[in-house]
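> Have a look at the structure that comes next, please.
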Amino acid sequence: MPGLETSITRCTVLAISAALLVFSPTVFAVEASQEAAPSAAAVAEVDRLSGEIRTLAGRQVWSGVERKYRQAIALEARLPADVHLVAAYSARSAGDLIAVYDRLTRAANQKATKEVVDWLWDLDHNFGRVILNADRRGTSELVIKQMPLDPNRRQAVQAAIAQCKDTGAFKGLLPRGDYQFGGQEFRVEPGISVRVEVSPKARRQGLVEPTIVYRELPTAIGQEKD
């Protein structure tokens, strides 16, 4: 579609940066620091790490991709768009969709390919942002009414369930659907952020339903998809 990549990139920069700051406040601090010219040594090291990341991704060694990508990001030099995309696949393998969204946005800022655009569209239109918080780990279980058939969506749900069990909290993206956390039912919908607090203090205040905190900012790629 003519002009698609230009319009996608512009919309990504203007609309998504604010939304990502809610969940990942350091993301754009890193991007801002990249405006300074990196040293020749940093550029060379990023090139080396990028090659290793591509090799590891080809073997689907996602733990290695994750480790090398974090090293490359820390150098504050510009990474190729395809490396950010590979890192998005790495984050997806762990069910960390906020990291997926961040890395896809970084890729789109450089080159809004159809693959990146379609993936961002799916996240914008089939997932919602969720904050869950209990007093401590093991006190509140996250349950989904119907587990998704899609393996990537199922992985995201399972990762959130495990995190709630381990820490008593979760902050990220979940596929649309009906859930329960600490006995409180709530529904995840695209474009809406839901916060669910489960604590004695909340109970004393009469909280029996989840609180819709705010409606999300415009999505990365608009409301229509050709």
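Please note that chains go A, B, ... in the order of the structure tokens, that every chain numbers its residues from 1, and that ligands are numbered from 1 in the order shown.
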As a ChimeraX atom specification, which residues of region 49-192 of chain A does DSSP assign to strand (DSSP E)?

/A:127-134,142-144,169-175,177-181,184-188,192

> Which residues, written as a ChimeraX atom specification, have at least one atom at most 7 Å from Gly95 (chain A), with only C-alpha atoms counted and residues fewer than 3 positions away on the same chain left out?

/A:91-92,155-156,159

> I'd like the interatomic distance between CA of Ile53 (chain A) and CA of Asp102 (chain A), to a tenth of an Å.

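These atoms are spaced 17.5 Å apart.
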
> How many Å separate CA of Ala81 (chain A) from CA of Ala57 (chain A)?

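Computing it gives 14.4 Å between the two atoms.
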
> So how many Å separate CA of Glu66 (chain A) and CA of Arg78 (chain A), to one decimal?

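Result for CA of Glu66 (chain A) versus CA of Arg78 (chain A): 17.0 Å, one decimal.
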
> Write out as number ranges by chain each polymer residue whose atoms come within 12 Å of Gln163 (chain A), counting only C-alpha atoms; drop sequence neighbours fewer than 4 positions from it.

A: 94-96, 131-134, 136-138, 140-142, 156-159, 167-172

> Residues within 9 Å of Tyr101 (chain A), please, as a ChimeraX atom specification. Count only C-alpha atoms; anything in the same chain fewer than 6 positions from it doesn't count.

/A:20,88,119-120,123

> Write out as CSV the residues of region 36-142 of chain A that have any atom within 7 Å of an atom of region 173-191 of chain A, one row each with the nearest atom pair and its distance in Å to one decimal, counting only C-alpha atoms, sorted by chain and then rising number.


```
residue,atom,partner,partner_atom,distance
A:Leu97,CA,A:Leu173,CA,5.8
A:Ile98,CA,A:Leu173,CA,6.2
A:Asp124,CA,A:Pro190,CA,6.4
A:His125,CA,A:Pro190,CA,5.3
A:Asn126,CA,A:Pro190,CA,5.6
A:Phe127,CA,A:Pro175,CA,4.2
A:Gly128,CA,A:Pro190,CA,4.4
A:Arg129,CA,A:Leu173,CA,4.6
A:Val130,CA,A:Leu173,CA,6.0
A:Ser140,CA,A:Gly182,CA,4.4
A:Glu141,CA,A:Phe181,CA,5.7
A:Leu142,CA,A:Phe181,CA,4.6
```

> How would the residues just picked look written out with N, CA and C atoms as a compact mmCIF listing (two decimals), in the first residue's frame?


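Output file out-v6.txt is given in full below:
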```txt
# COMPACT_ATOMS: atom_id res chain seq x y z
N LEU A 97 5.28 -10.16 26.26
CA LEU A 97 4.75 -9.40 25.12
C LEU A 97 5.03 -7.90 25.22
N ILE A 98 5.26 -7.39 26.41
CA ILE A 98 5.66 -5.98 26.52
C ILE A 98 7.03 -5.78 25.86
N ASP A 124 -1.98 -4.76 18.96
CA ASP A 124 -2.86 -3.64 19.23
C ASP A 124 -4.34 -4.03 19.25
N HIS A 125 -4.71 -5.02 18.44
CA HIS A 125 -6.12 -5.32 18.24
C HIS A 125 -6.59 -6.63 18.86
N ASN A 126 -5.69 -7.39 19.45
CA ASN A 126 -6.08 -8.66 20.05
C ASN A 126 -5.58 -8.85 21.48
N PHE A 127 -4.89 -7.83 22.01
CA PHE A 127 -4.35 -7.93 23.37
C PHE A 127 -4.70 -6.66 24.14
N GLY A 128 -4.78 -6.80 25.46
CA GLY A 128 -5.00 -5.65 26.33
C GLY A 128 -3.93 -5.58 27.40
N ARG A 129 -3.75 -4.40 27.96
CA ARG A 129 -2.74 -4.19 29.00
C ARG A 129 -3.35 -4.43 30.38
N VAL A 130 -2.61 -5.17 31.18
CA VAL A 130 -3.12 -5.63 32.47
C VAL A 130 -2.09 -5.39 33.56
N SER A 140 -2.81 -15.19 45.24
CA SER A 140 -3.85 -15.00 44.24
C SER A 140 -3.45 -15.66 42.93
N GLU A 141 -4.32 -16.50 42.45
CA GLU A 141 -4.06 -17.24 41.21
C GLU A 141 -4.72 -16.55 40.03
N LEU A 142 -4.01 -16.50 38.93
CA LEU A 142 -4.57 -16.00 37.68
C LEU A 142 -5.14 -17.17 36.90
```
